[in-house]
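Below is data.txt, holding compact mmCIF, C-alpha atoms and all ligand atoms.
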# COMPACT_ATOMS: atom_id res chain seq x y z
CA MET T 1 -23.44 -0.86 5.21
CA ASN T 2 -23.70 1.07 8.48
CA LYS T 3 -21.62 4.25 8.40
CA ASN T 4 -21.39 4.68 12.17
CA ILE T 5 -19.96 1.30 13.07
CA ASN T 6 -16.41 2.54 13.53
CA ILE T 7 -17.12 4.79 16.48
CA LEU T 8 -15.61 2.98 19.48
CA ASN T 9 -16.34 3.66 23.10
CA ILE T 10 -13.13 2.31 24.59
CA SER T 11 -10.87 4.00 27.13
CA THR T 12 -7.95 5.60 25.30
CA SER T 13 -5.50 4.08 27.76
CA LYS T 14 -6.28 0.64 26.35
CA ILE T 15 -4.09 -0.70 23.56
CA ASN T 16 -5.41 -2.06 20.28
CA LEU T 17 -3.39 -5.25 19.69
CA LEU T 18 -3.64 -4.61 15.92
CA ASP T 19 -1.26 -1.71 16.52
CA LEU T 20 1.47 -4.07 17.72
CA ASN T 21 3.88 -6.15 15.66
CA ARG T 22 5.29 -9.32 17.20
CA GLN T 23 8.11 -7.61 19.11
CA ASP T 24 5.77 -4.88 20.41
CA LEU T 25 3.24 -7.50 21.50
CA LYS T 26 5.94 -9.44 23.29
CA ASN T 27 7.02 -6.28 25.16
CA PHE T 28 3.39 -5.51 26.01
CA LEU T 29 2.84 -9.01 27.41
CA ILE T 30 6.02 -8.73 29.49
CA SER T 31 4.71 -5.44 30.86
CA LEU T 32 1.58 -7.36 31.96
CA GLY T 33 3.78 -9.90 33.75
CA GLU T 34 3.27 -12.60 31.10
CA ILE T 35 6.59 -14.35 30.75
CA LYS T 36 5.71 -17.40 28.65
CA SER T 37 7.30 -16.44 25.35
CA PHE T 38 4.99 -18.65 23.22
CA CYS T 39 1.99 -16.63 24.43
CA THR T 40 2.82 -13.89 21.87
CA GLU T 41 2.65 -16.34 18.96
CA GLN T 42 -0.55 -17.91 20.32
CA ILE T 43 -2.29 -14.55 20.47
CA MET T 44 -1.08 -13.60 17.00
CA LYS T 45 -2.45 -16.88 15.66
CA TRP T 46 -5.85 -16.11 17.17
CA ILE T 47 -5.85 -12.69 15.59
CA TYR T 48 -4.37 -13.33 12.14
CA THR T 49 -5.24 -16.97 11.45
CA HIS T 50 -8.62 -17.25 13.16
CA TYR T 51 -9.68 -13.59 12.87
CA CYS T 52 -10.70 -13.74 16.52
CA ASN T 53 -11.19 -10.45 18.37
CA ASP T 54 -12.62 -11.89 21.59
CA PHE T 55 -10.13 -12.77 24.35
CA ASN T 56 -12.70 -15.11 25.96
CA LYS T 57 -12.49 -17.44 22.97
CA MET T 58 -8.70 -17.80 23.21
CA PHE T 59 -8.95 -21.04 25.19
CA ASN T 60 -5.24 -21.89 25.13
CA ILE T 61 -4.35 -18.63 26.93
CA SER T 62 -4.64 -18.80 30.73
CA ILE T 63 -7.71 -17.14 32.24
CA LYS T 64 -5.44 -14.93 34.36
CA THR T 65 -3.68 -13.59 31.25
CA ARG T 66 -6.96 -13.20 29.36
CA ASN T 67 -8.34 -11.09 32.23
CA LYS T 68 -5.26 -8.87 32.18
CA LEU T 69 -5.54 -8.52 28.41
CA CYS T 70 -9.21 -7.53 28.70
CA LYS T 71 -8.35 -4.82 31.23
CA LYS T 72 -5.49 -3.31 29.26
CA SER T 73 -6.23 -3.98 25.62
CA TYR T 74 -8.71 -4.78 22.87
CA ILE T 75 -8.69 -6.02 19.29
CA PHE T 76 -10.47 -3.78 16.84
CA ALA T 77 -10.29 -3.63 13.03
CA PRO T 78 -12.37 -0.74 11.66
CA LYS T 79 -15.01 -2.18 9.34
CA PHE T 80 -15.61 -1.35 5.69
CA THR T 81 -18.54 1.04 5.46
CA GLU T 82 -19.01 1.11 1.67
CA GLU T 83 -18.35 -1.32 -1.12
CA LYS T 84 -18.29 -0.78 -4.89
CA ILE T 85 -17.86 -3.68 -7.31
CA SER T 86 -16.54 -3.10 -10.84
CA HIS T 87 -17.68 -5.07 -13.88
CA ASP T 88 -14.11 -6.46 -14.07
CA GLY T 89 -14.32 -7.93 -10.54
CA THR T 90 -12.29 -5.19 -8.84
CA ILE T 91 -13.77 -4.21 -5.47
CA LYS T 92 -13.27 -0.86 -3.77
CA TRP T 93 -13.92 -0.70 -0.05
CA ILE T 94 -14.19 2.49 1.96
CA THR T 95 -13.67 2.65 5.71
CA SER T 96 -15.25 5.74 7.20
CA ILE T 97 -13.82 6.88 10.53
CA ASN T 98 -15.10 10.20 11.90
CA ASN T 99 -16.11 11.20 8.37
CA GLN T 100 -12.62 10.57 7.03
CA LYS T 101 -12.35 7.88 4.38
CA ILE T 102 -9.74 5.18 3.89
CA GLU T 103 -9.81 3.44 0.51
CA THR T 104 -8.73 -0.13 -0.20
CA VAL T 105 -8.91 -1.91 -3.56
CA TYR T 106 -9.05 -5.65 -4.29
CA ILE T 107 -7.88 -6.63 -7.78
CA PRO T 108 -8.45 -10.29 -8.72
CA GLU T 109 -6.51 -11.79 -11.63
CA GLU T 110 -6.24 -15.29 -12.99
CA LYS T 111 -3.20 -16.37 -11.04
CA ARG T 112 -3.06 -13.86 -8.22
CA SER T 113 -5.14 -11.34 -6.30
CA THR T 114 -3.73 -8.04 -5.19
CA LEU T 115 -4.87 -5.82 -2.35
CA CYS T 116 -3.97 -2.15 -2.77
CA VAL T 117 -3.80 -0.52 0.67
CA SER T 118 -3.66 3.10 1.82
CA SER T 119 -1.06 4.43 4.24
CA GLN T 120 -2.42 7.95 4.77
CA ILE T 121 -5.68 9.82 4.33
CA GLY T 122 -4.88 12.21 1.48
CA CYS T 123 -1.28 13.10 0.61
CA CYS T 124 0.76 16.28 1.01
CA LEU T 125 2.97 15.80 -2.04
CA GLN T 126 0.49 17.09 -4.59
CA CYS T 127 1.73 15.38 -7.74
CA HIS T 128 -0.28 17.20 -10.38
CA PHE T 129 -1.54 14.05 -12.11
CA CYS T 130 -2.90 12.41 -8.91
CA ALA T 131 -6.37 12.85 -7.44
CA THR T 132 -5.17 11.93 -3.93
CA GLY T 133 -2.57 14.71 -4.16
CA LYS T 134 -5.23 17.23 -5.15
CA GLU T 135 -7.18 16.37 -2.01
CA GLY T 136 -4.34 17.47 0.31
CA PHE T 137 -3.14 15.72 3.46
CA GLN T 138 -5.49 14.77 6.28
CA ARG T 139 -3.57 12.36 8.50
CA ASN T 140 -1.33 9.33 8.83
CA LEU T 141 -2.98 5.95 9.29
CA LYS T 142 -2.27 4.01 12.48
CA VAL T 143 -0.71 0.55 12.23
CA SER T 144 -4.11 -0.94 13.12
CA GLU T 145 -5.82 1.03 10.34
CA ILE T 146 -3.36 -0.30 7.77
CA VAL T 147 -3.53 -3.87 9.10
CA ALA T 148 -7.35 -3.68 9.36
CA GLN T 149 -7.64 -3.15 5.59
CA ILE T 150 -6.13 -6.62 5.05
CA TRP T 151 -7.95 -8.18 8.00
CA GLN T 152 -11.35 -6.96 6.82
CA ALA T 153 -10.62 -7.75 3.15
CA ASN T 154 -9.77 -11.37 4.00
CA LYS T 155 -12.86 -11.66 6.20
CA THR T 156 -15.15 -10.10 3.58
CA LEU T 157 -13.82 -12.32 0.78
CA LYS T 158 -14.44 -15.37 2.95
CA GLU T 159 -17.98 -14.23 3.74
CA LYS T 160 -18.61 -13.76 0.00
CA ASN T 161 -17.18 -17.24 -0.71
CA ILE T 162 -14.60 -15.66 -3.03
CA THR T 163 -11.85 -18.25 -3.19
CA ASN T 164 -9.23 -15.97 -4.84
CA ARG T 165 -7.41 -15.16 -1.62
CA ILE T 166 -5.04 -12.21 -1.40
CA THR T 167 -1.61 -13.23 -2.69
CA ASN T 168 -0.03 -9.79 -3.12
CA ILE T 169 -0.18 -6.51 -1.25
CA VAL T 170 0.81 -3.16 -2.74
CA PHE T 171 1.11 0.12 -0.85
CA MET T 172 -0.27 2.03 -3.82
CA GLY T 173 -3.48 3.37 -2.33
CA MET T 174 -3.84 6.80 -0.80
CA GLY T 175 -0.79 8.48 0.64
CA GLU T 176 2.99 8.39 0.58
CA PRO T 177 4.07 5.39 2.70
CA LEU T 178 7.55 6.74 3.41
CA LEU T 179 6.00 9.80 5.08
CA ASN T 180 4.35 7.45 7.59
CA LEU T 181 7.48 5.36 7.90
CA ASN T 182 7.26 3.86 11.41
CA ASN T 183 3.62 2.82 11.16
CA VAL T 184 4.07 1.44 7.65
CA VAL T 185 7.12 -0.59 8.67
CA SER T 186 5.34 -1.98 11.71
CA ALA T 187 2.36 -2.97 9.53
CA LEU T 188 4.77 -4.52 6.99
CA LYS T 189 6.31 -6.61 9.78
CA ILE T 190 2.85 -7.99 10.60
CA ILE T 191 2.15 -8.66 6.90
CA LEU T 192 5.39 -10.66 6.50
CA ASP T 193 5.32 -12.38 9.92
CA LYS T 194 4.60 -16.11 9.77
CA TYR T 195 2.23 -15.58 12.70
CA GLY T 196 0.75 -12.53 10.96
CA PHE T 197 -0.50 -12.54 7.36
CA SER T 198 2.55 -14.57 6.35
CA LEU T 199 3.12 -13.12 2.86
CA SER T 200 6.46 -13.38 1.10
CA LYS T 201 8.50 -10.16 0.86
CA ARG T 202 8.57 -10.62 -2.91
CA ARG T 203 4.79 -10.26 -2.95
CA VAL T 204 4.58 -7.11 -0.85
CA THR T 205 5.41 -3.87 -2.64
CA LEU T 206 5.91 -0.40 -1.29
CA SER T 207 5.50 2.32 -3.90
CA THR T 208 7.12 5.67 -3.22
CA SER T 209 7.45 8.99 -4.97
CA GLY T 210 10.99 8.96 -3.61
CA ILE T 211 11.62 10.45 -0.18
CA ALA T 212 15.36 9.71 -0.35
CA PRO T 213 16.30 9.98 3.36
CA ALA T 214 13.32 7.84 4.38
CA LEU T 215 14.28 5.25 1.77
CA ASP T 216 17.77 5.18 3.31
CA LYS T 217 16.19 4.53 6.71
CA LEU T 218 13.88 1.85 5.31
CA ARG T 219 16.95 -0.12 4.22
CA ASN T 220 17.85 -0.68 7.87
CA MET T 221 14.28 -1.48 8.89
CA ILE T 222 12.80 -4.01 6.47
CA ASP T 223 13.31 -5.81 3.16
CA ILE T 224 10.32 -5.65 0.79
CA SER T 225 9.73 -5.12 -2.94
CA LEU T 226 10.21 -1.55 -3.98
CA ALA T 227 8.49 0.50 -6.68
CA ILE T 228 9.68 4.00 -7.50
CA SER T 229 7.21 6.48 -9.00
CA LEU T 230 9.65 8.06 -11.43
CA HIS T 231 7.26 9.28 -14.16
CA ALA T 232 9.87 11.41 -15.93
CA PRO T 233 13.19 10.84 -17.71
CA ASN T 234 14.77 14.09 -16.45
CA ASP T 235 14.47 16.64 -13.63
CA VAL T 236 12.94 19.34 -15.84
CA ILE T 237 9.85 17.23 -16.57
CA ARG T 238 9.72 15.73 -13.08
CA ASN T 239 9.84 19.19 -11.46
CA LEU T 240 6.87 20.09 -13.61
CA ILE T 241 4.63 17.22 -12.50
CA MET T 242 5.98 16.22 -9.06
CA PRO T 243 6.83 19.16 -6.75
CA ILE T 244 8.74 16.81 -4.38
CA ASN T 245 11.42 16.49 -7.09
CA ARG T 246 12.70 19.95 -6.17
CA LYS T 247 13.66 18.50 -2.78
CA TYR T 248 14.79 15.00 -3.77
CA ASN T 249 15.73 14.90 -7.43
CA ILE T 250 16.06 11.90 -9.72
CA SER T 251 19.70 11.26 -8.96
CA ALA T 252 19.10 11.37 -5.16
CA ILE T 253 16.22 8.91 -5.47
CA LEU T 254 17.99 6.49 -7.79
CA ASN T 255 21.07 6.55 -5.52
CA SER T 256 18.93 5.61 -2.52
CA ALA T 257 17.12 2.96 -4.57
CA LEU T 258 20.47 1.45 -5.63
CA LYS T 259 21.63 1.28 -2.02
CA TYR T 260 18.35 -0.42 -1.09
CA LEU T 261 18.79 -2.94 -3.91
CA LYS T 262 22.26 -3.86 -2.71
CA PHE T 263 20.93 -4.93 0.64
CA SER T 264 17.64 -6.46 -0.55
CA ASN T 265 16.73 -10.05 -1.39
CA ALA T 266 13.14 -9.12 -2.22
CA ASN T 267 14.28 -7.06 -5.22
CA ARG T 268 16.62 -9.54 -6.84
CA GLY T 269 14.81 -9.04 -10.19
CA GLY T 270 15.41 -5.28 -9.89
CA VAL T 271 13.38 -2.34 -8.63
CA THR T 272 10.04 -1.55 -10.31
CA ILE T 273 10.02 1.82 -12.04
CA GLU T 274 6.54 3.30 -12.41
CA TYR T 275 6.00 5.68 -15.29
CA VAL T 276 2.62 7.27 -15.86
CA MET T 277 1.98 8.00 -19.54
CA LEU T 278 1.00 11.66 -20.04
CA ASP T 279 0.21 12.83 -23.55
CA GLY T 280 2.78 15.33 -24.83
CA ILE T 281 4.51 15.62 -21.44
CA ASN T 282 6.75 12.58 -20.94
CA ASP T 283 5.85 10.17 -23.76
CA SER T 284 8.03 11.07 -26.78
CA ASN T 285 10.56 8.76 -28.41
CA GLU T 286 13.28 11.02 -27.07
CA ASN T 287 11.86 10.65 -23.55
CA ALA T 288 12.02 6.85 -23.93
CA GLN T 289 15.67 7.07 -25.02
CA GLN T 290 16.46 9.36 -22.05
CA LEU T 291 14.74 6.95 -19.67
CA ALA T 292 16.79 4.05 -21.05
CA THR T 293 20.02 5.99 -20.50
CA LEU T 294 18.94 7.06 -17.00
CA LEU T 295 18.19 3.49 -15.96
CA SER T 296 21.09 1.83 -17.76
CA LYS T 297 22.92 1.14 -14.49
CA ILE T 298 19.87 0.41 -12.34
CA PRO T 299 18.59 -3.19 -12.32
CA SER T 300 14.93 -2.47 -13.03
CA LYS T 301 11.67 -3.47 -14.63
CA ILE T 302 9.50 -0.72 -16.04
CA ASN T 303 5.77 -0.43 -15.47
CA LEU T 304 4.07 1.98 -17.88
CA ILE T 305 0.80 3.23 -16.35
CA PRO T 306 -1.88 4.69 -18.64
CA TRP T 307 -2.90 7.86 -16.83
CA ASN T 308 -6.37 7.79 -15.24
CA SER T 309 -8.20 11.06 -15.51
CA PHE T 310 -10.21 12.86 -12.85
CA LEU T 311 -12.22 16.06 -12.89
CA GLY T 312 -10.10 19.20 -12.75
CA ALA T 313 -6.90 17.60 -14.05
CA SER T 314 -5.24 19.21 -17.04
CA PHE T 315 -3.60 16.12 -18.57
CA LEU T 316 -4.53 13.60 -21.23
CA CYS T 317 -3.49 9.97 -21.27
CA SER T 318 -1.10 9.01 -24.09
CA ASN T 319 -2.89 6.91 -26.68
CA ILE T 320 -2.21 3.18 -26.71
CA HIS T 321 -0.27 3.39 -29.99
CA ARG T 322 2.16 5.89 -28.40
CA ILE T 323 2.45 3.76 -25.26
CA ASN T 324 3.35 0.71 -27.37
CA ILE T 325 6.02 2.62 -29.31
CA PHE T 326 7.46 3.95 -26.02
CA ALA T 327 7.49 0.44 -24.56
CA ASN T 328 9.18 -1.04 -27.64
CA ILE T 329 12.01 1.51 -27.59
CA LEU T 330 12.76 0.44 -24.03
CA ARG T 331 12.40 -3.27 -24.84
CA LYS T 332 14.88 -2.93 -27.70
CA LYS T 333 17.34 -1.54 -25.15
CA GLY T 334 16.89 -4.71 -23.11
CA PHE T 335 14.41 -3.55 -20.47
CA SER T 336 11.53 -5.65 -19.22
CA VAL T 337 8.48 -3.43 -19.77
CA MET T 338 4.88 -3.99 -18.70
CA ILE T 339 1.90 -1.84 -19.63
CA ARG T 340 -0.35 -1.81 -16.59
CA LYS T 341 -3.96 -2.79 -17.16
CA ASN T 342 -6.47 -0.31 -15.88
CA ARG T 343 -8.69 -2.02 -13.37
CA GLY T 344 -11.77 -0.74 -11.61
CA GLN T 345 -12.01 2.51 -13.59
CA ASP T 346 -15.83 2.43 -13.56
CA ILE T 347 -15.81 2.64 -9.74
CA ASN T 348 -12.89 5.12 -9.55
CA ALA T 349 -10.64 2.49 -8.03
CA ALA T 350 -7.76 2.76 -10.53
CA CYS T 351 -4.31 4.20 -9.69
CA GLY T 352 -4.47 7.83 -8.69
CA GLN T 353 -8.28 7.95 -8.60
CA LEU T 354 -8.55 7.31 -4.87
CA THR T 355 -10.04 10.30 -3.17
CA SER T 356 -13.15 10.93 -1.22
CA ASN T 357 -13.62 14.57 -2.12
CA ILE T 358 -13.13 14.96 -5.84
CA ILE T 359 -15.84 13.95 -8.27
CA ASN T 360 -14.12 11.64 -10.70
CA HIS T 361 -15.06 10.89 -14.24
CA LEU T 362 -13.95 8.27 -16.71
CA THR T 363 -11.07 8.50 -19.13
CA LYS T 364 -11.72 9.37 -22.74
N1 LIG K 401 2.49 7.80 -2.96
C1 LIG K 401 2.99 6.61 -3.51
C2 LIG K 401 1.98 5.48 -3.56
C3 LIG K 401 0.58 5.81 -3.95
S1 LIG K 401 0.30 6.27 -5.62
C4 LIG K 401 3.59 6.88 -4.87
O1 LIG K 401 3.40 7.97 -5.39
O2 LIG K 401 4.29 6.01 -5.38
C5 LIG K 401 0.44 4.72 -6.51
C6 LIG K 401 0.86 4.89 -7.96
O3 LIG K 401 -0.21 5.49 -8.76
C7 LIG K 401 2.06 5.80 -8.15
O4 LIG K 401 2.96 5.28 -9.09
C8 LIG K 401 1.41 7.06 -8.67
O5 LIG K 401 2.31 7.89 -9.32
C9 LIG K 401 0.35 6.50 -9.58
N2 LIG K 401 -0.69 7.46 -9.95
C10 LIG K 401 -1.09 8.55 -9.27
N3 LIG K 401 -2.08 9.18 -9.95
C11 LIG K 401 -2.30 8.49 -11.07
C12 LIG K 401 -3.23 8.63 -12.15
N4 LIG K 401 -4.11 9.61 -12.18
N5 LIG K 401 -3.19 7.72 -13.14
C13 LIG K 401 -2.32 6.68 -13.09
N6 LIG K 401 -1.43 6.50 -12.09
C14 LIG K 401 -1.42 7.39 -11.09
FE1 LIG K 402 0.94 11.40 -3.11
FE2 LIG K 402 1.69 9.28 -4.59
FE3 LIG K 402 -0.41 10.81 -5.32
FE4 LIG K 402 2.06 11.80 -5.50
S1 LIG K 402 1.24 10.05 -6.63
S2 LIG K 402 0.27 12.85 -4.64
S3 LIG K 402 3.03 10.87 -3.73
S4 LIG K 402 -0.26 9.54 -3.49
Whole structure, structure tokens version:
Amino acid sequence: MNKNINILNISTSKINLLDLNRQDLKNFLISLGEIKSFCTEQIMKWIYTHYCNDFNKMFNISIKTRNKLCKKSYIFAPKFTEEKISHDGTIKWITSINNQKIETVYIPEEKRSTLCVSSQIGCCLQCHFCATGKEGFQRNLKVSEIVAQIWQANKTLKEKNITNRITNIVFMGMGEPLLNLNNVVSALKIILDKYGFSLSKRRVTLSTSGIAPALDKLRNMIDISLAISLHAPNDVIRNLIMPINRKYNISAILNSALKYLKFSNANRGGVTIEYVMLDGINDSNENAQQLATLLSKIPSKINLIPWNSFLGASFLCSNIHRINIFANILRKKGFSVMIRKNRGQDINAACGQLTSNIINHLTK
């Protein structure tokens, strides 16, 4: 793949329509003097149903409007510049823009296919067990750069004649989505919009390490499925592995999550609690009991994630026997517990392995 294809020579005063959700597009069209309200939906259909990025092909839009659109805007989804395919069918795509890399992972399963998208390049939160955190923060992604990951993935799958279309989207790639709140919410609106990618809010999940005030804002902005990266049953352990816990501790996060749940239809089955299994750190029987007590009043389902290693990290993944015992303690207390399958490890596409700068290696 050509690495220089994402350098665009377009006047910066022009607007990329992939940066606009339906309301923004409507406002933009009004600013151009276009008053027919159905025009917004027509344009969105061209973009998100037909994957059309050429105004001249939009034959049901008047020539006058098309000319105005050409003068003031463009449609551009940065292309994938690298592709790695795992033996288990997982595909990792990299989009290189000015030497910065955005990573997107496609995970096909029997009954569904999930696209894991990035919301930032790097991450400033520096959770010690995460390769993205080790890389440090580079920048927030624009709405168009988030949306483009889905746009290009759908196009690429079609070109490859892969019929497993994307049924689920998870914001579990690089970055902390709640630290890029406005752009992430705008992209989410496009993902849920019936004239956008038209996915159900139950199939779109935002995973957060728990930026409590941003989660409180999110409640008034959009309803989607929520996953909380808890990873510890108490503040002592969480402080040790997630520095952000010193600012927003477990009780602050769970309080905000509870408030979100009260308003949300997407989370009727409860919030997803993510818990990475770290040998000797958070995986004892006592830790499982503490977790059960902590979550006793929070409608939740627990996702245990075997930790994926990367070079320079000083953790080990709990062995599968320990993970099963941990899971069973929680199940006996009535929790629904899933042990997440590791996908795409051979191409460094598994959770927490997404980084362009660190040389990864496989788990033991
Ligand atoms: N910043 C967000 C979303 C991206 S990380 C968040 O932290 O939730 C997506 C998930 O992968 C999170 O649950 C994160 O804790 C987990 N993760 C990070 N590094 C990991 C690793 N090395 N092995 C397994 N899971 C990891
Ligand atoms: Fe950032 Fe999430 Fe990685 Fe923590 S786990 S460093 S919040 S991407």
Could I get the residues of chain T with an atom no further than 8 Å from an atom of ligand LIG 402 (chain K), each paired with its nearest atom pair and that distance in Å to one decimal, using all atoms listed in the file, sorted by chain and residue number, as CSV?
residue,atom,partner,partner_atom,distance
T:Gly122,CA,K:LIG402,S4,7.3
T:Cys123,CA,K:LIG402,FE1,4.7
T:Cys124,CA,K:LIG402,FE1,6.4
T:Leu125,CA,K:LIG402,S2,4.8
T:Gln126,CA,K:LIG402,S2,4.2
T:Cys127,CA,K:LIG402,FE4,4.2
T:His128,CA,K:LIG402,S2,7.2
T:Phe129,CA,K:LIG402,S1,7.3
T:Cys130,CA,K:LIG402,FE3,4.7
T:Ala131,CA,K:LIG402,FE3,6.6
T:Thr132,CA,K:LIG402,FE3,5.1
T:Gly133,CA,K:LIG402,S2,3.4
T:Lys134,CA,K:LIG402,S2,7.0
T:Met172,CA,K:LIG402,S4,7.5
T:Gly173,CA,K:LIG402,S4,7.1
T:Met174,CA,K:LIG402,S4,5.2
T:Gly175,CA,K:LIG402,S4,4.3
T:Glu176,CA,K:LIG402,S3,5.0
T:Ser207,CA,K:LIG402,FE2,8.0
T:Thr208,CA,K:LIG402,S3,6.6
T:Ser209,CA,K:LIG402,S3,5.0
T:Ser229,CA,K:LIG402,S1,7.3
T:Met242,CA,K:LIG402,FE4,6.9
T:Gly352,CA,K:LIG402,FE3,6.1
**Request:** Could you jot down the CA of Ala350 in chain T to CA of Ile244 in chain T separation for me, Å, one decimal place?
**Result:** 22.5 Å
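For Pro213 in chain T, the non-local neighbours within 10 Å, defined as residues at least 6 positions apart in the same chain or in other chains and counting only C-alpha atoms, are Leu178, Tyr248, Ala252, Ile253 and Ser256 of chain T.
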Range 207-271 of chain T near range 179-200 of chain T within 10 Å: what's each residue's closest atom pair and its distance in Å to one decimal, counting all atoms listed in the file, ordered by chain then ascending residue number, as CSV?
residue,atom,partner,partner_atom,distance
T:Thr208,CA,T:Leu179,CA,9.3
T:Ile211,CA,T:Leu179,CA,7.7
T:Ala214,CA,T:Leu181,CA,7.3
T:Leu215,CA,T:Leu181,CA,9.2
T:Lys217,CA,T:Leu181,CA,8.8
T:Leu218,CA,T:Leu181,CA,7.7
T:Met221,CA,T:Val185,CA,7.2
T:Ile222,CA,T:Val185,CA,7.0
T:Asp223,CA,T:Leu188,CA,9.4
T:Ile224,CA,T:Leu188,CA,8.4
T:Ser225,CA,T:Ser200,CA,9.8
T:Ala266,CA,T:Ser200,CA,8.6
**Request:** Return the single residue from T:Asn98, T:Thr49, T:Ser144, T:Thr40 that is closest to Ala77 in chain T, with distances computed using only C-alpha atoms.
**Result:**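 Result for the nearest residue to Ala77 in chain T: T:Ser144.
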**Distance of CA of Phe335 in chain T from CA of Leu295 in chain T, expressed in Å to one decimal place** = 9.2 Å
**Message:** Please list as a VMD selection string every residue within 9 Å of range 110-112 of chain T, counting only C-alpha atoms and excluding residues in the same chain fewer than 4 positions away.
**Reply:** chain T and resid 164 to 168
**Message:** Taking 2 positions as the minimum chain separation for residues in the same chain, which residues sit within 12 Å of Phe326 in chain T when counting all atoms listed in the file? Answer as a PyMOL selection string.
**Reply:** chain T and resi 275-279+282-292+302-306+318-324+328-333+335+337-339
Could you give me, as a PDB file with C-alpha atoms, in the coordinates of the input, the residues within 10 Å of Ile102 in chain T, counting all atoms listed in the file and dropping anything in the same chain fewer than 5 positions from it?
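And here is the file that came out, result30.pdb:
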ATOM      1  CA  PHE T  80     -15.610  -1.350   5.690  1.00  0.00           C
ATOM      2  CA  THR T  81     -18.540   1.040   5.460  1.00  0.00           C
ATOM      3  CA  TRP T  93     -13.920  -0.700  -0.050  1.00  0.00           C
ATOM      4  CA  ILE T  94     -14.190   2.490   1.960  1.00  0.00           C
ATOM      5  CA  THR T  95     -13.670   2.650   5.710  1.00  0.00           C
ATOM      6  CA  SER T  96     -15.250   5.740   7.200  1.00  0.00           C
ATOM      7  CA  ILE T  97     -13.820   6.880  10.530  1.00  0.00           C
ATOM      8  CA  VAL T 117      -3.800  -0.520   0.670  1.00  0.00           C
ATOM      9  CA  SER T 118      -3.660   3.100   1.820  1.00  0.00           C
ATOM     10  CA  SER T 119      -1.060   4.430   4.240  1.00  0.00           C
ATOM     11  CA  GLN T 120      -2.420   7.950   4.770  1.00  0.00           C
ATOM     12  CA  ILE T 121      -5.680   9.820   4.330  1.00  0.00           C
ATOM     13  CA  GLY T 122      -4.880  12.210   1.480  1.00  0.00           C
ATOM     14  CA  LEU T 141      -2.980   5.950   9.290  1.00  0.00           C
ATOM     15  CA  GLU T 145      -5.820   1.030  10.340  1.00  0.00           C
ATOM     16  CA  ILE T 146      -3.360  -0.300   7.770  1.00  0.00           C
ATOM     17  CA  GLN T 149      -7.640  -3.150   5.590  1.00  0.00           C
ATOM     18  CA  GLY T 173      -3.480   3.370  -2.330  1.00  0.00           C
ATOM     19  CA  MET T 174      -3.840   6.800  -0.800  1.00  0.00           C
ATOM     20  CA  LEU T 354      -8.550   7.310  -4.870  1.00  0.00           C
ATOM     21  CA  THR T 355     -10.040  10.300  -3.170  1.00  0.00           C
ATOM     22  CA  SER T 356     -13.150  10.930  -1.220  1.00  0.00           C
TER      23      SER T 356
END
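Reported to one decimal place, the separation of atom O2 of ligand LIG 401 (chain K) from CA of Phe263 in chain T is 20.8 Å.
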**Request:** Have a look at T:Ile273, T:Leu115, T:Ile150, T:Leu294 and name the one nearest to Ala227 in chain T; count only C-alpha atoms.
**Result:**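 Of all the options, T:Ile273 lies closest to Ala227 in chain T.
Distances from T:Gly280, T:Pro177, T:Gly33, T:Gly89 to ligand LIG 401 (chain K) were compared using all atoms listed in the file, and the smallest one belongs to T:Pro177.
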